[in-house]
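Taking it in order: structure first as structure tokens, then the write-up.
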Amino acid sequence: MKLTLGFSPCPNDTFIFDALIHQKIDTEGLEFEVFFDDVETLNQKAMRGELDVSKLSFHTLAFTADKYALLDAGSALGFGVGPLLISKKNNENDFAALTKDEYKQLRVGIPGRYTTANFLLGIAYPDLTNKKEMVFSEIENGLLNDEIDLGLIIHENRFTYQDKNLHKITDLGAYWEKLTGCAIPLGGIVVSRKLDRAVQLKVNRLVRQSVEYAFAHPDASLDFIKEHAQTMQESVMRKHIDLYVNNYSIDLGEEGRKAIDMLFYWAKSRGIITEIPEHLYV
């Protein structure tokens, strides 16, 4: 049986899925046709229900829970891993003193409408509404070229923005941790509800085994990661993996599920979503 599988070319995803798609583990008769896309493209595909198995932002899950169930394995949650709001100017104190109307005037580059980063931005700063959707890797240049006033950065840009003399305004992960005491949920792996229950559970089991294999053989996926990480330095690649792949990636557990449920609770309380999705998990 062949399933379509979508994930990003970022090191955390290629680290997780290397063993699965290259059959370094027993895939129990399943094959996977792989699609590499940035996270917002994957979010849009999930909205249309295009893939059997996919990485997506938890923001998107709020609108696709009727089509997909969340796996216990493969998610990105953690402490100190949240998106950063950055600026060309070192004006953290000035930013905090702005009025509601002044917030609305600021142009904010975001890595996609349905990213969890934008979800968190809406929870923390509901008055930052003048948003421009950009490919995540272009946000730093948007600031440098004065196309935007603020940039919401994710992935490896967390490690590179200071090299370009850009400045952190707010760590939205730290904001979330202070607000809830929970790990910050960023993205997860979902499986189509159209598939038989037995297949859904098999996919969940295989993704977990793939993550466990990656942890047990940390260098086995290095060539695959480098192939898709483009010009990223190996040190940045390893930081990226260490930041986003952890025990929650093996199994959400009670704490992981609590963090995800809390995310949807706060999104509803801020008016970002109208209903909290039910029956999220496989």
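Going by the structure tokens order, chains are called A, B, ..., each with residues numbered from 1, while ligands are numbered from 1 in the order shown.
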Residues of segment 123-235 of chain A that approach segment 101-117 of chain A to 6 Å or less, counting only C-alpha atoms: could you list each one with the shortest pair of atoms and its distance in Å to one decimal, rows by chain and increasing residue number, as JSON lines?
```
{"residue": "A:Asp127", "atom": "CA", "partner": "A:Lys104", "partner_atom": "CA", "distance": 5.7}
{"residue": "A:Leu128", "atom": "CA", "partner": "A:Lys104", "partner_atom": "CA", "distance": 5.2}
{"residue": "A:Thr129", "atom": "CA", "partner": "A:Lys104", "partner_atom": "CA", "distance": 5.7}
{"residue": "A:Asn130", "atom": "CA", "partner": "A:Arg107", "partner_atom": "CA", "distance": 5.3}
{"residue": "A:Lys131", "atom": "CA", "partner": "A:Val108", "partner_atom": "CA", "distance": 4.7}
{"residue": "A:Lys132", "atom": "CA", "partner": "A:Gly109", "partner_atom": "CA", "distance": 4.8}
{"residue": "A:Glu133", "atom": "CA", "partner": "A:Ile110", "partner_atom": "CA", "distance": 5.1}
{"residue": "A:Met134", "atom": "CA", "partner": "A:Pro111", "partner_atom": "CA", "distance": 5.2}
{"residue": "A:Val135", "atom": "CA", "partner": "A:Pro111", "partner_atom": "CA", "distance": 5.5}
{"residue": "A:Phe136", "atom": "CA", "partner": "A:Pro111", "partner_atom": "CA", "distance": 4.6}
{"residue": "A:Ile148", "atom": "CA", "partner": "A:Arg107", "partner_atom": "CA", "distance": 4.9}
{"residue": "A:Asp149", "atom": "CA", "partner": "A:Arg107", "partner_atom": "CA", "distance": 5.1}
{"residue": "A:Leu150", "atom": "CA", "partner": "A:Val108", "partner_atom": "CA", "distance": 4.7}
{"residue": "A:Gly151", "atom": "CA", "partner": "A:Gly109", "partner_atom": "CA", "distance": 4.7}
{"residue": "A:Leu152", "atom": "CA", "partner": "A:Ile110", "partner_atom": "CA", "distance": 5.2}
{"residue": "A:Leu186", "atom": "CA", "partner": "A:Thr116", "partner_atom": "CA", "distance": 5.7}
```
Write a file of the just-selected residues containing C-alpha atoms, as a compact mmCIF listing (two decimals), in the first residue's frame.
```txt
# COMPACT_ATOMS: atom_id res chain seq x y z
CA ASP A 127 -3.54 44.42 17.57
CA LEU A 128 -0.72 43.53 15.15
CA THR A 129 -3.11 43.03 12.24
CA ASN A 130 -1.23 44.58 9.31
CA LYS A 131 0.36 41.32 8.20
CA LYS A 132 2.22 40.35 5.05
CA GLU A 133 2.58 36.65 4.24
CA MET A 134 6.12 35.75 3.18
CA VAL A 135 8.24 32.65 2.68
CA PHE A 136 9.89 32.21 6.09
CA ILE A 148 8.21 45.37 6.78
CA ASP A 149 8.66 46.81 10.27
CA LEU A 150 8.58 43.54 12.19
CA GLY A 151 9.36 39.97 11.24
CA LEU A 152 8.04 36.75 12.73
CA LEU A 186 4.53 24.12 16.93
```
Restrict the calculation to only C-alpha atoms, then for each residue of segment 80-115 of chain A with any atom at most 8 Å from an atom of segment 162-170 of chain A give the closest atom pair and their distance in Å to one decimal, rows by chain and rising residue number, as JSON lines.
```
{"residue": "A:Leu84", "atom": "CA", "partner": "A:Thr170", "partner_atom": "CA", "distance": 5.9}
{"residue": "A:Leu85", "atom": "CA", "partner": "A:Thr170", "partner_atom": "CA", "distance": 5.1}
{"residue": "A:Ile86", "atom": "CA", "partner": "A:Lys168", "partner_atom": "CA", "distance": 4.4}
{"residue": "A:Ser87", "atom": "CA", "partner": "A:His167", "partner_atom": "CA", "distance": 5.3}
{"residue": "A:Lys88", "atom": "CA", "partner": "A:Leu166", "partner_atom": "CA", "distance": 4.9}
{"residue": "A:Lys89", "atom": "CA", "partner": "A:His167", "partner_atom": "CA", "distance": 6.5}
{"residue": "A:Asn90", "atom": "CA", "partner": "A:His167", "partner_atom": "CA", "distance": 5.5}
{"residue": "A:Asn91", "atom": "CA", "partner": "A:Ile169", "partner_atom": "CA", "distance": 7.2}
{"residue": "A:Glu92", "atom": "CA", "partner": "A:Ile169", "partner_atom": "CA", "distance": 4.9}
{"residue": "A:Phe95", "atom": "CA", "partner": "A:Ile169", "partner_atom": "CA", "distance": 7.6}
```
Among the residues of segment 191-278 of chain A, find those DSSP assigns to helix (DSSP H, G or I) from the backbone and print them as a PyMOL selection string.
chain A and resi 197-216+222-228+234-244+247-250+253-269
Interatomic distance (Å, one decimal) between atom CA of Gly78 of chain A and atom CA of Leu243 of chain A:
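Going from atom CA of Gly78 of chain A over to atom CA of Leu243 of chain A covers 7.7 Å.
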Between atom CA of Ser75 of chain A and atom CA of Pro218 of chain A, measure the distance and give it in Å to one decimal.
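Spanning atom CA of Ser75 of chain A to atom CA of Pro218 of chain A is a straight-line distance of 18.0 Å.
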Would you compute the distance between atom CA of Leu120 of chain A and atom CA of Leu172 of chain A? Give it in Å to one decimal.
6.8 Å
Would you mind listing what lies within 10 Å of Ser249 of chain A as a count of residues only, with only C-alpha atoms counted and same-chain residues fewer than 6 positions away left out?
16
Looking at A:Met262, A:Leu56, A:Ala62, A:Leu42, which one is nearest to Pro277 of chain A, with distances taken over only C-alpha atoms?
A:Ala62
Quick one: residues within 8 Å of segment 257-259 of chain A, only C-alpha atoms, excluding same-chain residues fewer than 6 positions away - as a VMD selection string?
chain A and resid 182 to 185
Store the residues picked out above, limited to N, CA and C atoms, as a compact mmCIF listing (two decimals), in the first residue's frame.
```
# COMPACT_ATOMS: atom_id res chain seq x y z
N CYS A 182 3.25 25.54 29.91
CA CYS A 182 3.32 24.36 29.03
C CYS A 182 4.42 24.50 27.99
N ALA A 183 4.83 23.37 27.46
CA ALA A 183 5.68 23.40 26.27
C ALA A 183 4.92 24.06 25.14
N ILE A 184 5.64 24.66 24.21
CA ILE A 184 4.99 25.32 23.09
C ILE A 184 4.78 24.32 21.96
N PRO A 185 3.54 24.13 21.51
CA PRO A 185 3.27 23.21 20.39
C PRO A 185 3.42 23.95 19.06
```
